[in-house]
Amino acid sequence: MVRKENPLRQLPLNSAEYGEIRIHLAEIMQAKNVSMNQLSFRTEMQRTQLRNYRDNKIQRLDIDILKRLCYVLECDLHDLIEYIPFSG
């Protein structure tokens with residue numbers, strides 16, 4: 001009897017090896033010529049919170065915030081966030 005391989009991978013011991021999520025807020029803001037103050041006003045979010053998203057300094061993504069950003073910036077979620085696999 002041939003045993004089937006499990007198609008799912010085990011998580012690595014080091015979480016850095018999962019890959020990373022990159023938020024492209026800075027690039028979208030620049031392309032659309034939107035300032036932090038304008039985005040803060042339109043999304044009804046604090047500049048500090050937006051700055052953390054812009055600078056990729058957040059630990060947990062908030063779906064409501066992502067929806068606000070996509071709506072106000074008229075972009076797709078795929079434009080805003082990207083998964084980059086670990087290549088080490």
# chains A, B, ... in the order shown; residues from 1 in each chain; ligands from 1
>>> select_by_dssp(residues="stretch 1-86 of chain A", states="strand (DSSP E or B)", output="VMD selection string")
chain A and resid 20 to 23 81 to 84
>>> residues_around(residues="stretch 76-82 of chain A", least_positions_apart="6", cutoff="6 Å", atoms="only C-alpha atoms", output="ChimeraX atom specification")
/A:21-24,70
>>> write_last_selection(atoms="N, CA, C and O atoms", output="CSV table (one decimal), in the first residue's frame")
chain,number,residue,atom,x,y,z
A,21,ILE,N,4.2,40.0,5.4
A,21,ILE,CA,3.1,40.8,4.8
A,21,ILE,C,3.6,42.2,4.6
A,21,ILE,O,4.1,42.8,5.6
A,22,ARG,N,3.6,42.7,3.4
A,22,ARG,CA,4.0,44.1,3.2
A,22,ARG,C,2.8,44.9,2.8
A,22,ARG,O,2.0,44.5,2.0
A,23,ILE,N,2.7,46.1,3.4
A,23,ILE,CA,1.6,47.0,3.1
A,23,ILE,C,2.1,48.1,2.2
A,23,ILE,O,3.1,48.7,2.5
A,24,HIS,N,1.5,48.3,1.1
A,24,HIS,CA,1.9,49.3,0.1
A,24,HIS,C,1.2,50.6,0.2
A,24,HIS,O,0.9,51.3,-0.8
A,70,CYS,N,-9.1,50.8,1.3
A,70,CYS,CA,-9.4,50.4,-0.1
A,70,CYS,C,-10.5,51.3,-0.6
A,70,CYS,O,-10.5,51.8,-1.8
>>> residues_around(residues="A:Leu69", least_positions_apart="2", cutoff="10 Å", atoms="only C-alpha atoms", output="list of chain:residue names")
A:Leu25, A:Leu39, A:Ser40, A:Arg42, A:Thr43, A:Met45, A:Leu50, A:Ile63, A:Asp64, A:Ile65, A:Leu66, A:Lys67, A:Tyr71, A:Val72, A:Leu73, A:Glu74, A:Cys75, A:Asp76, A:Leu77, A:Leu80
>>> atom_distance(atom1="atom CA of A:Glu17", atom2="atom CA of A:Phe86")
5.4 Å
>>> residues_around(residues="A:Gly88", least_positions_apart="3", cutoff="12 Å", atoms="only C-alpha atoms", output="list in words")
Asn14, Ala16, Glu17, Tyr18, Gly19, Ile84 and Pro85 of chain A
>>> write_last_selection(atoms="C-alpha atoms", output="CSV table (one decimal), in the first residue's frame")
chain,number,residue,atom,x,y,z
A,14,ASN,CA,11.1,30.7,13.6
A,16,ALA,CA,10.4,35.0,10.4
A,17,GLU,CA,10.5,32.0,8.1
A,18,TYR,CA,6.7,32.2,7.4
A,19,GLY,CA,7.4,35.1,5.0
A,84,ILE,CA,6.2,37.7,0.4
A,85,PRO,CA,7.3,34.1,1.0
>>> closest_residue(among="A:Ala31, A:Val2, A:Leu8, A:Ala26", to="A:Arg51", atoms="only C-alpha atoms")
A:Ala26
>>> closest_residue(among="A:Glu20, A:Gln49, A:Glu27, A:Lys4", to="A:Asp62", atoms="only C-alpha atoms")
A:Gln49
>>> atom_distance(atom1="atom CA of A:Asn37", atom2="atom CA of A:Arg60")
23.1 Å
>>> closest_residue(among="A:Tyr83, A:Arg3, A:Gln38, A:Met29", to="A:Arg54", atoms="only C-alpha atoms")
A:Met29
>>> select_by_dssp(residues="chain A", states="alpha helix (DSSP H)", output="compact mmCIF listing (two decimals) with all heavy atoms, in the first residue's frame")
# COMPACT_ATOMS: atom_id res chain seq x y z
N LEU A 25 0.88 51.02 1.40
CA LEU A 25 0.14 52.27 1.58
C LEU A 25 0.94 53.48 1.11
O LEU A 25 0.40 54.35 0.43
CB LEU A 25 -0.27 52.44 3.05
CG LEU A 25 -1.12 53.66 3.37
CD1 LEU A 25 -2.40 53.67 2.55
CD2 LEU A 25 -1.44 53.70 4.86
N ALA A 26 2.22 53.53 1.42
CA ALA A 26 3.05 54.68 1.03
C ALA A 26 3.06 54.84 -0.49
O ALA A 26 2.91 55.96 -1.01
CB ALA A 26 4.46 54.53 1.56
N GLU A 27 3.22 53.73 -1.21
CA GLU A 27 3.27 53.78 -2.67
C GLU A 27 1.94 54.24 -3.26
O GLU A 27 1.92 55.04 -4.20
CB GLU A 27 3.64 52.41 -3.24
CG GLU A 27 5.04 51.95 -2.89
CD GLU A 27 5.09 51.07 -1.64
OE1 GLU A 27 4.28 51.27 -0.71
OE2 GLU A 27 5.95 50.18 -1.59
N ILE A 28 0.84 53.75 -2.72
CA ILE A 28 -0.48 54.13 -3.22
C ILE A 28 -0.75 55.60 -2.94
O ILE A 28 -1.25 56.32 -3.80
CB ILE A 28 -1.58 53.23 -2.61
CG1 ILE A 28 -1.40 51.79 -3.11
CG2 ILE A 28 -2.97 53.74 -2.97
CD1 ILE A 28 -2.29 50.78 -2.42
N MET A 29 -0.40 56.04 -1.73
CA MET A 29 -0.60 57.46 -1.39
C MET A 29 0.20 58.35 -2.34
O MET A 29 -0.31 59.37 -2.81
CB MET A 29 -0.18 57.73 0.06
CG MET A 29 -1.12 57.16 1.08
SD MET A 29 -0.50 57.34 2.77
CE MET A 29 -0.43 59.12 2.93
N GLN A 30 1.43 57.96 -2.62
CA GLN A 30 2.27 58.76 -3.51
C GLN A 30 1.71 58.76 -4.93
O GLN A 30 1.63 59.81 -5.57
CB GLN A 30 3.70 58.21 -3.52
CG GLN A 30 4.65 59.04 -4.36
CD GLN A 30 6.07 58.53 -4.27
OE1 GLN A 30 6.35 57.49 -3.66
NE2 GLN A 30 6.98 59.25 -4.88
N ALA A 31 1.29 57.61 -5.41
CA ALA A 31 0.75 57.51 -6.77
C ALA A 31 -0.53 58.33 -6.94
O ALA A 31 -0.78 58.89 -8.01
CB ALA A 31 0.48 56.05 -7.12
N MET A 36 -0.95 62.52 4.22
CA MET A 36 -1.36 61.83 5.45
C MET A 36 -2.56 62.54 6.08
O MET A 36 -3.49 61.90 6.56
CB MET A 36 -0.18 61.79 6.43
CG MET A 36 -0.44 60.96 7.65
SD MET A 36 -0.76 59.22 7.34
CE MET A 36 0.86 58.67 6.86
N ASN A 37 -2.56 63.87 6.06
CA ASN A 37 -3.69 64.62 6.62
C ASN A 37 -4.98 64.35 5.85
O ASN A 37 -6.04 64.17 6.45
CB ASN A 37 -3.39 66.12 6.63
CG ASN A 37 -2.42 66.50 7.71
OD1 ASN A 37 -2.25 65.79 8.70
ND2 ASN A 37 -1.75 67.62 7.53
N GLN A 38 -4.90 64.33 4.53
CA GLN A 38 -6.09 64.05 3.72
C GLN A 38 -6.61 62.64 4.00
O GLN A 38 -7.82 62.46 4.19
CB GLN A 38 -5.75 64.17 2.22
CG GLN A 38 -5.50 65.57 1.76
CD GLN A 38 -4.94 65.60 0.35
OE1 GLN A 38 -4.15 64.74 -0.05
NE2 GLN A 38 -5.33 66.61 -0.41
N LEU A 39 -5.70 61.67 4.04
CA LEU A 39 -6.12 60.29 4.28
C LEU A 39 -6.70 60.13 5.68
O LEU A 39 -7.70 59.44 5.86
CB LEU A 39 -4.94 59.34 4.07
CG LEU A 39 -5.27 57.86 4.05
CD1 LEU A 39 -6.27 57.54 2.94
CD2 LEU A 39 -4.01 57.04 3.89
N SER A 40 -6.10 60.79 6.65
CA SER A 40 -6.60 60.74 8.02
C SER A 40 -8.03 61.28 8.09
O SER A 40 -8.90 60.68 8.72
CB SER A 40 -5.68 61.55 8.92
OG SER A 40 -6.20 61.63 10.23
N PHE A 41 -8.27 62.39 7.43
CA PHE A 41 -9.59 63.00 7.42
C PHE A 41 -10.61 62.10 6.73
O PHE A 41 -11.69 61.83 7.26
CB PHE A 41 -9.54 64.37 6.74
CG PHE A 41 -10.87 65.04 6.64
CD1 PHE A 41 -11.45 65.65 7.75
CD2 PHE A 41 -11.56 65.07 5.43
CE1 PHE A 41 -12.69 66.27 7.66
CE2 PHE A 41 -12.80 65.69 5.34
CZ PHE A 41 -13.36 66.28 6.45
N ARG A 42 -10.26 61.60 5.55
CA ARG A 42 -11.20 60.79 4.75
C ARG A 42 -11.50 59.43 5.40
O ARG A 42 -12.62 58.94 5.29
CB ARG A 42 -10.66 60.56 3.35
CG ARG A 42 -10.47 61.82 2.57
CD ARG A 42 -11.73 62.22 1.89
NE ARG A 42 -11.46 63.39 1.06
CZ ARG A 42 -12.39 64.23 0.69
NH1 ARG A 42 -13.63 64.04 1.05
NH2 ARG A 42 -12.09 65.26 -0.04
N THR A 43 -10.51 58.83 6.02
CA THR A 43 -10.72 57.50 6.62
C THR A 43 -11.21 57.58 8.07
O THR A 43 -11.55 56.57 8.66
CB THR A 43 -9.42 56.67 6.61
OG1 THR A 43 -8.40 57.37 7.31
CG2 THR A 43 -8.99 56.34 5.19
N ARG A 47 -3.61 59.89 12.48
CA ARG A 47 -2.39 59.86 11.66
C ARG A 47 -1.38 58.85 12.19
O ARG A 47 -0.69 58.19 11.43
CB ARG A 47 -1.76 61.26 11.58
CG ARG A 47 -2.52 62.19 10.66
CD ARG A 47 -1.80 63.51 10.44
NE ARG A 47 -1.49 64.22 11.67
CZ ARG A 47 -2.33 65.02 12.33
NH1 ARG A 47 -3.55 65.22 11.86
NH2 ARG A 47 -1.97 65.63 13.43
N THR A 48 -1.31 58.70 13.52
CA THR A 48 -0.38 57.73 14.12
C THR A 48 -0.69 56.32 13.64
O THR A 48 0.21 55.56 13.28
CB THR A 48 -0.45 57.79 15.66
OG1 THR A 48 -0.20 59.12 16.07
CG2 THR A 48 0.52 56.84 16.29
N GLN A 49 -1.96 55.98 13.63
CA GLN A 49 -2.37 54.65 13.18
C GLN A 49 -2.06 54.47 11.69
O GLN A 49 -1.53 53.43 11.28
CB GLN A 49 -3.86 54.46 13.45
CG GLN A 49 -4.35 53.06 13.25
CD GLN A 49 -5.79 52.90 13.67
OE1 GLN A 49 -6.56 53.86 13.63
NE2 GLN A 49 -6.17 51.71 14.06
N LEU A 50 -2.36 55.48 10.90
CA LEU A 50 -2.06 55.41 9.47
C LEU A 50 -0.55 55.32 9.23
O LEU A 50 -0.09 54.59 8.35
CB LEU A 50 -2.62 56.63 8.75
CG LEU A 50 -4.13 56.63 8.54
CD1 LEU A 50 -4.59 57.98 8.02
CD2 LEU A 50 -4.53 55.52 7.59
N ARG A 51 0.21 56.05 10.01
CA ARG A 51 1.67 56.02 9.88
C ARG A 51 2.21 54.61 10.13
O ARG A 51 3.11 54.15 9.44
CB ARG A 51 2.30 57.03 10.85
CG ARG A 51 3.63 57.56 10.41
CD ARG A 51 4.14 58.70 11.28
NE ARG A 51 3.31 59.90 11.14
CZ ARG A 51 2.61 60.48 12.13
NH1 ARG A 51 2.64 60.00 13.35
NH2 ARG A 51 1.89 61.56 11.89
N ASN A 52 1.63 53.92 11.11
CA ASN A 52 2.04 52.54 11.38
C ASN A 52 1.74 51.62 10.20
O ASN A 52 2.54 50.75 9.88
CB ASN A 52 1.38 52.02 12.65
CG ASN A 52 1.97 52.63 13.90
OD1 ASN A 52 3.11 53.07 13.90
ND2 ASN A 52 1.19 52.68 14.95
N TYR A 53 0.61 51.82 9.55
CA TYR A 53 0.29 51.04 8.35
C TYR A 53 1.24 51.42 7.22
O TYR A 53 1.77 50.55 6.53
CB TYR A 53 -1.16 51.25 7.92
CG TYR A 53 -2.12 50.29 8.58
CD1 TYR A 53 -2.56 50.50 9.88
CD2 TYR A 53 -2.58 49.17 7.91
CE1 TYR A 53 -3.43 49.61 10.49
CE2 TYR A 53 -3.45 48.28 8.50
CZ TYR A 53 -3.88 48.51 9.80
OH TYR A 53 -4.73 47.62 10.40
N ARG A 54 1.46 52.70 7.04
CA ARG A 54 2.34 53.17 5.97
C ARG A 54 3.76 52.64 6.13
O ARG A 54 4.41 52.25 5.17
CB ARG A 54 2.37 54.71 5.97
CG ARG A 54 3.24 55.31 4.87
CD ARG A 54 3.54 56.75 5.11
NE ARG A 54 4.37 56.89 6.32
CZ ARG A 54 4.60 58.03 6.93
NH1 ARG A 54 4.04 59.14 6.51
NH2 ARG A 54 5.37 58.08 8.00
N ILE A 63 -9.48 44.34 9.58
CA ILE A 63 -10.27 44.28 8.35
C ILE A 63 -11.02 45.58 8.10
O ILE A 63 -11.09 46.06 6.97
CB ILE A 63 -11.23 43.07 8.38
CG1 ILE A 63 -10.41 41.79 8.27
CG2 ILE A 63 -12.25 43.14 7.25
CD1 ILE A 63 -11.19 40.53 8.39
N ASP A 64 -11.56 46.20 9.14
CA ASP A 64 -12.28 47.46 8.97
C ASP A 64 -11.35 48.54 8.42
O ASP A 64 -11.74 49.30 7.53
CB ASP A 64 -12.91 47.91 10.29
CG ASP A 64 -13.75 49.16 10.11
OD1 ASP A 64 -14.75 49.10 9.35
OD2 ASP A 64 -13.39 50.20 10.69
N ILE A 65 -10.15 48.60 8.92
CA ILE A 65 -9.19 49.60 8.44
C ILE A 65 -8.82 49.32 6.99
O ILE A 65 -8.75 50.24 6.17
CB ILE A 65 -7.93 49.62 9.34
CG1 ILE A 65 -8.30 50.22 10.70
CG2 ILE A 65 -6.80 50.41 8.69
CD1 ILE A 65 -7.22 50.14 11.74
N LEU A 66 -8.59 48.06 6.65
CA LEU A 66 -8.28 47.72 5.26
C LEU A 66 -9.42 48.10 4.33
O LEU A 66 -9.19 48.62 3.23
CB LEU A 66 -7.96 46.22 5.15
CG LEU A 66 -6.71 45.74 5.88
CD1 LEU A 66 -6.60 44.22 5.79
CD2 LEU A 66 -5.47 46.42 5.35
N LYS A 67 -10.66 47.86 4.76
CA LYS A 67 -11.81 48.24 3.94
C LYS A 67 -11.87 49.75 3.76
O LYS A 67 -12.13 50.24 2.65
CB LYS A 67 -13.12 47.73 4.56
CG LYS A 67 -13.27 46.23 4.49
CD LYS A 67 -14.65 45.74 4.89
CE LYS A 67 -15.03 46.11 6.29
NZ LYS A 67 -16.31 45.51 6.73
N ARG A 68 -11.64 50.49 4.83
CA ARG A 68 -11.64 51.96 4.74
C ARG A 68 -10.59 52.45 3.76
O ARG A 68 -10.85 53.32 2.92
CB ARG A 68 -11.34 52.60 6.09
CG ARG A 68 -12.43 52.50 7.11
CD ARG A 68 -11.97 53.20 8.36
NE ARG A 68 -12.81 52.87 9.49
CZ ARG A 68 -12.91 53.64 10.56
NH1 ARG A 68 -12.19 54.74 10.66
NH2 ARG A 68 -13.69 53.30 11.55
N LEU A 69 -9.38 51.91 3.89
CA LEU A 69 -8.29 52.33 3.01
C LEU A 69 -8.60 52.01 1.55
O LEU A 69 -8.40 52.86 0.67
CB LEU A 69 -6.98 51.68 3.45
CG LEU A 69 -6.41 52.16 4.78
CD1 LEU A 69 -5.25 51.26 5.22
CD2 LEU A 69 -5.97 53.61 4.71
N CYS A 70 -9.09 50.81 1.29
CA CYS A 70 -9.43 50.44 -0.09
C CYS A 70 -10.54 51.33 -0.64
O CYS A 70 -10.48 51.76 -1.80
CB CYS A 70 -9.86 48.98 -0.16
SG CYS A 70 -8.49 47.82 0.03
N TYR A 71 -11.52 51.63 0.18
CA TYR A 71 -12.63 52.46 -0.26
C TYR A 71 -12.17 53.88 -0.58
O TYR A 71 -12.43 54.40 -1.67
CB TYR A 71 -13.74 52.49 0.81
CG TYR A 71 -14.91 53.35 0.41
CD1 TYR A 71 -15.90 52.84 -0.43
CD2 TYR A 71 -15.03 54.66 0.87
CE1 TYR A 71 -16.98 53.62 -0.81
CE2 TYR A 71 -16.10 55.44 0.49
CZ TYR A 71 -17.08 54.92 -0.35
OH TYR A 71 -18.13 55.71 -0.74
N VAL A 72 -11.47 54.48 0.36
CA VAL A 72 -11.06 55.89 0.20
C VAL A 72 -10.03 56.02 -0.92
O VAL A 72 -10.09 56.97 -1.72
CB VAL A 72 -10.51 56.44 1.54
CG1 VAL A 72 -9.83 57.77 1.35
CG2 VAL A 72 -11.65 56.57 2.55
N LEU A 73 -9.11 55.08 -1.01
CA LEU A 73 -8.05 55.16 -2.02
C LEU A 73 -8.47 54.55 -3.36
O LEU A 73 -7.70 54.58 -4.32
CB LEU A 73 -6.78 54.48 -1.51
CG LEU A 73 -6.11 55.17 -0.33
CD1 LEU A 73 -5.04 54.28 0.29
CD2 LEU A 73 -5.52 56.51 -0.75
N LEU A 77 -7.68 45.26 -2.49
CA LEU A 77 -6.90 44.73 -1.37
C LEU A 77 -5.56 44.17 -1.84
O LEU A 77 -4.55 44.32 -1.16
CB LEU A 77 -7.71 43.67 -0.63
CG LEU A 77 -7.09 43.11 0.64
CD1 LEU A 77 -6.83 44.22 1.66
CD2 LEU A 77 -7.97 42.04 1.24
N HIS A 78 -5.54 43.57 -3.03
CA HIS A 78 -4.29 43.03 -3.58
C HIS A 78 -3.28 44.13 -3.89
O HIS A 78 -2.08 43.89 -3.91
CB HIS A 78 -4.57 42.20 -4.84
CG HIS A 78 -5.26 40.93 -4.55
ND1 HIS A 78 -6.62 40.79 -4.66
CD2 HIS A 78 -4.79 39.74 -4.13
CE1 HIS A 78 -6.96 39.56 -4.33
NE2 HIS A 78 -5.87 38.90 -3.99
N ASP A 79 -3.77 45.33 -4.15
CA ASP A 79 -2.87 46.47 -4.37
C ASP A 79 -2.27 46.92 -3.04
O ASP A 79 -1.14 47.39 -3.00
CB ASP A 79 -3.62 47.66 -4.98
CG ASP A 79 -4.26 47.33 -6.32
OD1 ASP A 79 -3.68 46.53 -7.07
OD2 ASP A 79 -5.34 47.88 -6.60
N LEU A 80 -3.03 46.79 -1.98
CA LEU A 80 -2.66 47.32 -0.68
C LEU A 80 -1.73 46.40 0.11
O LEU A 80 -0.78 46.86 0.74
CB LEU A 80 -3.92 47.63 0.14
CG LEU A 80 -3.75 48.36 1.45
CD1 LEU A 80 -3.08 49.71 1.25
CD2 LEU A 80 -5.10 48.53 2.12
